[in-house]
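S.K.: Please see the structure below; I have some questions.
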Amino acid sequence: MKYASKIQSGLLAIGLTLSLSGTNTDELKLPNLGEVSGTVFSAEKEHRLGRSWLRMFRSQVPTSDDPLIAEYVENLVYRLATFSDLQDRRLELVVVDNRQINAFAVPGGVVGVHTGLLLYAETEDEAATVLAHELAHLSQRHFSRGIEASQRNTPLNLAGLLAGLVLIATTGSDAGLAAITATQAAALESQLRFSRGHEQEADRIGMRTLVDAGMDPHAAPAMFERMLKAMRYYGRNVPEFLLTHPITESRIADTRNRARNYPKVLRSTNLDYQLMRARARFATADSSQQAAQEFRTSLNGKSLSPEADRYGLALALNASGQYELAAAELAPLLARDPARLAYVVAQADIDIESGKAGKAAQTLSEQLLLTPGNYPLSMTYARALLRDKRAHVAEEVLLQLSRSRPNDPAVWYLLAETQGLSGNILGLHKSRAEFFILRGNLDEASRQLSYALRKTERSYQETETIRERQRDIETMRNDMDL
């Protein structure tokens with residue numbers, strides 16, 4: 001595992017762009033992506049680079065393990081990608097557990113979303129505006145084009161530039177932008193102008209994606225206006241996204257004029273989106289008591305979605321151990337909409353925490369007959385089975401889920417825990433290895449596979465499978481020197 005000693009100066013438009021000059025990053029573990037040669041990266045090289053970067057990113061950044069939010073964001077991104085110019089749609093989504101507004105795109109189809117975006121965007125269309133913009137950066141390959149332009153000015157250390165996203169996700173905004181020396185100013189200004197061109201292109205293509213996906217193009221200027229107000233409100237502590245995606249009156253005017261070329265789309269409030277906002281509000285609150293108070297305040301004031309606020313209140317009450325009150329808040333929502341996934345999972349969580357894991361498992365089993373393999377239902381079902389001391393059944397559920405979601409660290413983590421409880425030590429080490437691979441800890445992944453080899457009991461097929469995975473890890477190490 002290589003370390004980058006310094007982040008080089010420069011600004012590269014890849015959705016989120018920033019400059020860090022002279023910043024020591026000995027604390028950051030970074031892939032050694034080497035010097036850039038040639039002009040534009042191939043799509044396959046971008047894909048491999050993006051996956052290497054994602055493993056390192058996950059190893060250093062707190063990510064959300066909420067399956068409902070993950071599935072919602074994935075569905076929204078894939079829906080937008082269907083209508084985008086993106087040719088290579090091998091996308092990987094990562095949800096960062098951070099209340100700051102942010103979204104980013106990394107070459108190779110990696111799309112990141114902070115939970116703060118859900119807090120900030122009041123409607124699904126506003127959130128989609130930001131995501132469509134990031135997909136446009138990917139489809140137009142602004143990363144490779146940015147490298148090509150930068151080579152005419154100053155060498156770039158890609159690991160250093162990508163490290164900025166780690167800093168943003170783990171520190172305050174002041175760490176994201178460093179002071180620029182006089183000798184660097186001219187080159188940086190040139191790159192800033194190039195970046196603005198990319199931003200304009202992403203605005204234009206992103207709006208077209210939004211329209212083709214059936215969403216309201218006027219959500220774009222509305223979102224930009226809210227961003228501009230936020231910049232004035234935050235003063236010096238402006239979120240990184242707003243610093244690196246500069247919002248100006250002229251940009252808002254351009255976006256508003258562009259939106260006028262399309263008919264306004266009247267869309268009712270998307271309840272699923274509001275429910276995910278409630279989950280994000282609950283997850284980012286300092287305590288469950290604080291979250292409960294905030295949801296009560298919203299219910300007694302001007303609520304964007306009373307259903308979502310009541311749902312959030314039920315989540316907070318359950319987390320604070322007030323199970324009967326939580327069930328009482330959720331009951332009218334379930335009565336009106338008994339099949340809504342978020343409500344079903346919330347009731348199951350209440351049952352699990354209140355000592356009724358068997359009841360939760362039965363309900364979830366019946367739901368899974370209607371939607372086999374559903375991600376949030378399967379993860380909650382596995383947790384219910386574990387609480388009900390049926391680890392062997394939970395293991396089968398998670399093994400099936402790991403086949404459909406092989407790149408999900410949360411699935412492998414829970415599967416490893418389950419296999420430990422069921423006594424499947426060979427499976428435990430193999431699942432831990434997959435978890436550590438996805439989290440960028442290749443050394444620990446290798447150790448887990450070595451432990452697994454000792455448990456193969458002379459099974460040739462199992463031994464070869466494990467050794468093949470060990471060879472895969474060596475390939476991943478080499479990819480870090482792309």
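Every chain in the structure tokens has a letter given in the order shown (A, B, ...), and although residue numbers restart at 1 in each chain, ligands are simply numbered from 1 in the order shown.
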So that I can check the surroundings of Ile205 of chain A, please list as a list in words every protein, DNA and RNA residue that reaches within 7 Å of it, counting only C-alpha atoms and ignoring chain neighbours fewer than 4 positions away.

M.R.: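 In the requested format, the answer is Ala136, Glu201 and Thr209 of chain A.
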
S.K.: Could you take the residues named above and write them with C-alpha atoms, as a PDB file, in the first residue's frame?

M.R.:
```pdb
ATOM      1  CA  ALA A 136     -22.479  14.533 -17.363  1.00  0.00           C
ATOM      2  CA  GLU A 201     -21.104  21.675 -20.392  1.00  0.00           C
ATOM      3  CA  THR A 209     -30.732  14.187 -18.925  1.00  0.00           C
TER       4      THR A 209
END
```

S.K.: Hey, what's within 8 Å of segment 112-124 of chain A if we count only C-alpha atoms and toss same-chain stuff fewer than 2 positions away? As a PDB file with N, CA and C atoms, in the first residue's frame, please?

M.R.:
```
ATOM      1  N   LEU A  93     -21.828   2.963  -6.740  1.00  0.00           N
ATOM      2  CA  LEU A  93     -22.343   4.033  -5.903  1.00  0.00           C
ATOM      3  C   LEU A  93     -21.774   3.915  -4.500  1.00  0.00           C
ATOM      4  N   VAL A  94     -21.395   5.038  -3.916  1.00  0.00           N
ATOM      5  CA  VAL A  94     -20.966   5.061  -2.524  1.00  0.00           C
ATOM      6  C   VAL A  94     -21.680   6.213  -1.829  1.00  0.00           C
ATOM      7  N   VAL A  95     -22.337   5.900  -0.719  1.00  0.00           N
ATOM      8  CA  VAL A  95     -23.042   6.904   0.072  1.00  0.00           C
ATOM      9  C   VAL A  95     -22.190   7.229   1.289  1.00  0.00           C
ATOM     10  N   VAL A  96     -21.796   8.477   1.418  1.00  0.00           N
ATOM     11  CA  VAL A  96     -20.921   8.929   2.494  1.00  0.00           C
ATOM     12  C   VAL A  96     -21.760   9.459   3.641  1.00  0.00           C
ATOM     13  N   ASP A  97     -21.455   9.002   4.835  1.00  0.00           N
ATOM     14  CA  ASP A  97     -22.183   9.427   6.031  1.00  0.00           C
ATOM     15  C   ASP A  97     -21.641  10.774   6.498  1.00  0.00           C
ATOM     16  N   ASN A  98     -22.145  11.830   5.891  1.00  0.00           N
ATOM     17  CA  ASN A  98     -21.642  13.173   6.162  1.00  0.00           C
ATOM     18  C   ASN A  98     -22.751  14.173   5.862  1.00  0.00           C
ATOM     19  N   ARG A  99     -23.000  15.081   6.797  1.00  0.00           N
ATOM     20  CA  ARG A  99     -24.122  16.016   6.636  1.00  0.00           C
ATOM     21  C   ARG A  99     -23.813  17.187   5.704  1.00  0.00           C
ATOM     22  N   GLN A 100     -22.545  17.330   5.257  1.00  0.00           N
ATOM     23  CA  GLN A 100     -22.236  18.391   4.293  1.00  0.00           C
ATOM     24  C   GLN A 100     -22.795  18.034   2.920  1.00  0.00           C
ATOM     25  N   ILE A 101     -23.320  19.027   2.220  1.00  0.00           N
ATOM     26  CA  ILE A 101     -23.801  18.804   0.861  1.00  0.00           C
ATOM     27  C   ILE A 101     -22.617  18.458  -0.031  1.00  0.00           C
ATOM     28  N   ASN A 102     -22.731  17.360  -0.742  1.00  0.00           N
ATOM     29  CA  ASN A 102     -21.670  16.992  -1.669  1.00  0.00           C
ATOM     30  C   ASN A 102     -22.120  15.826  -2.534  1.00  0.00           C
ATOM     31  N   ALA A 103     -21.653  15.830  -3.755  1.00  0.00           N
ATOM     32  CA  ALA A 103     -21.769  14.695  -4.670  1.00  0.00           C
ATOM     33  C   ALA A 103     -20.568  14.790  -5.594  1.00  0.00           C
ATOM     34  N   PHE A 104     -20.101  13.664  -6.077  1.00  0.00           N
ATOM     35  CA  PHE A 104     -18.917  13.697  -6.929  1.00  0.00           C
ATOM     36  C   PHE A 104     -18.936  12.523  -7.891  1.00  0.00           C
ATOM     37  N   ALA A 105     -18.164  12.665  -8.954  1.00  0.00           N
ATOM     38  CA  ALA A 105     -17.993  11.596  -9.937  1.00  0.00           C
ATOM     39  C   ALA A 105     -16.509  11.384 -10.148  1.00  0.00           C
ATOM     40  N   VAL A 110     -17.502   5.798 -10.823  1.00  0.00           N
ATOM     41  CA  VAL A 110     -17.754   5.884  -9.385  1.00  0.00           C
ATOM     42  C   VAL A 110     -18.523   7.168  -9.099  1.00  0.00           C
ATOM     43  N   GLU A 126     -34.612  18.188  -7.425  1.00  0.00           N
ATOM     44  CA  GLU A 126     -33.452  19.000  -7.079  1.00  0.00           C
ATOM     45  C   GLU A 126     -32.226  18.126  -6.832  1.00  0.00           C
ATOM     46  N   ALA A 127     -32.403  17.020  -6.138  1.00  0.00           N
ATOM     47  CA  ALA A 127     -31.278  16.091  -5.943  1.00  0.00           C
ATOM     48  C   ALA A 127     -30.833  15.519  -7.281  1.00  0.00           C
ATOM     49  N   ALA A 128     -31.795  15.205  -8.139  1.00  0.00           N
ATOM     50  CA  ALA A 128     -31.473  14.646  -9.453  1.00  0.00           C
ATOM     51  C   ALA A 128     -30.697  15.642 -10.299  1.00  0.00           C
ATOM     52  N   MET A 223     -32.449  24.778  -7.461  1.00  0.00           N
ATOM     53  CA  MET A 223     -31.382  24.226  -6.638  1.00  0.00           C
ATOM     54  C   MET A 223     -30.192  25.168  -6.588  1.00  0.00           C
ATOM     55  N   THR A 269     -45.185  15.590  -4.856  1.00  0.00           N
ATOM     56  CA  THR A 269     -44.111  15.288  -3.924  1.00  0.00           C
ATOM     57  C   THR A 269     -43.821  13.796  -3.918  1.00  0.00           C
ATOM     58  N   ASN A 270     -42.570  13.463  -4.097  1.00  0.00           N
ATOM     59  CA  ASN A 270     -42.173  12.057  -4.101  1.00  0.00           C
ATOM     60  C   ASN A 270     -41.985  11.606  -2.658  1.00  0.00           C
ATOM     61  N   TYR A 273     -38.703   9.825  -1.668  1.00  0.00           N
ATOM     62  CA  TYR A 273     -37.573  10.729  -1.464  1.00  0.00           C
ATOM     63  C   TYR A 273     -37.657  11.401  -0.099  1.00  0.00           C
ATOM     64  N   GLN A 274     -38.848  11.852   0.279  1.00  0.00           N
ATOM     65  CA  GLN A 274     -39.003  12.514   1.573  1.00  0.00           C
ATOM     66  C   GLN A 274     -38.714  11.556   2.727  1.00  0.00           C
ATOM     67  N   MET A 276     -36.550   9.090   2.588  1.00  0.00           N
ATOM     68  CA  MET A 276     -35.097   8.952   2.652  1.00  0.00           C
ATOM     69  C   MET A 276     -34.456  10.197   3.275  1.00  0.00           C
ATOM     70  N   ARG A 277     -35.039  11.348   3.026  1.00  0.00           N
ATOM     71  CA  ARG A 277     -34.551  12.562   3.693  1.00  0.00           C
ATOM     72  C   ARG A 277     -34.719  12.427   5.198  1.00  0.00           C
ATOM     73  N   ALA A 280     -32.039  10.273   6.519  1.00  0.00           N
ATOM     74  CA  ALA A 280     -30.772  11.000   6.557  1.00  0.00           C
ATOM     75  C   ALA A 280     -30.748  11.986   7.722  1.00  0.00           C
ATOM     76  N   ARG A 281     -31.868  12.656   7.970  1.00  0.00           N
ATOM     77  CA  ARG A 281     -31.945  13.584   9.102  1.00  0.00           C
ATOM     78  C   ARG A 281     -31.745  12.844  10.415  1.00  0.00           C
TER      79      ARG A 281
END
```

S.K.: Nearest to Val211 of chain A among A:Ser84, A:Leu315, A:His198, A:Phe282, with distances taken over only C-alpha atoms: which residue is it?

M.R.: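 The shortest atom-to-atom distance to Val211 of chain A comes from A:Ser84.
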
S.K.: Measuring between only C-alpha atoms, which one of A:Asn441, A:Gln362, A:Asn318, A:Thr456 shows the shortest distance to Ala346 of chain A?

M.R.: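 Result for the nearest residue to Ala346 of chain A: A:Asn318.
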
S.K.: So which one's closest to Leu398 of chain A, A:Pro62, A:Gly420, A:Pro306, A:Gly373? Using only C-alpha atoms, please.

M.R.: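 Among A:Pro62, A:Gly420, A:Pro306, A:Gly373, it is A:Gly373 that comes nearest to Leu398 of chain A.
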
S.K.: Check the smallest atom-to-atom distance from each of A:Gly109, A:Gly312, A:Pro338, A:Thr82 to Glu46 of chain A using only C-alpha atoms, then report the winner.

M.R.: A:Gly109

S.K.: List as a list of chain:residue names the protein and nucleic acid residues near Ala394 of chain A, meaning an atom at most 7 Å away when only C-alpha atoms are counted, but skip any in the same chain fewer than 3 places from it.

M.R.: A:Ala382, A:Leu385, A:Leu386, A:Arg390, A:Ala391, A:Val397, A:Leu398, A:Thr418

S.K.: At what distance in Å, to one decimal, does atom CA of Ala416 of chain A lie from atom CA of His392 of chain A?

M.R.: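 Rounded to one decimal, the two atoms are 12.1 Å apart.
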
S.K.: Given the choices A:Ala316, A:Leu426, A:Arg471, A:Glu92, which gets closest to Arg55 of chain A if the distance is worked out from only C-alpha atoms?

M.R.: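 Of A:Ala316, A:Leu426, A:Arg471, A:Glu92, the one nearest Arg55 of chain A is A:Glu92, counting only C-alpha atoms.
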
S.K.: If you run DSSP over the backbone, which residues in segment 443-478 of chain A end up alpha helix (DSSP H)? Put them as number ranges by chain.

M.R.: A: 443-453, 460-478

S.K.: Quick one: everything within 9 Å of segment 254-265 of chain A, counting only C-alpha atoms, minus sequence neighbours fewer than 5 positions away in the same chain. Send it as a list in words.

M.R.: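 So, after excluding close chain neighbours, the residues are Asp203, Arg204, Met207, Val211, Gly214, Met215, Asp216, Pro217, His218, Ala219, Ala220, Pro221, Ala222, Phe224 and Glu249 of chain A.
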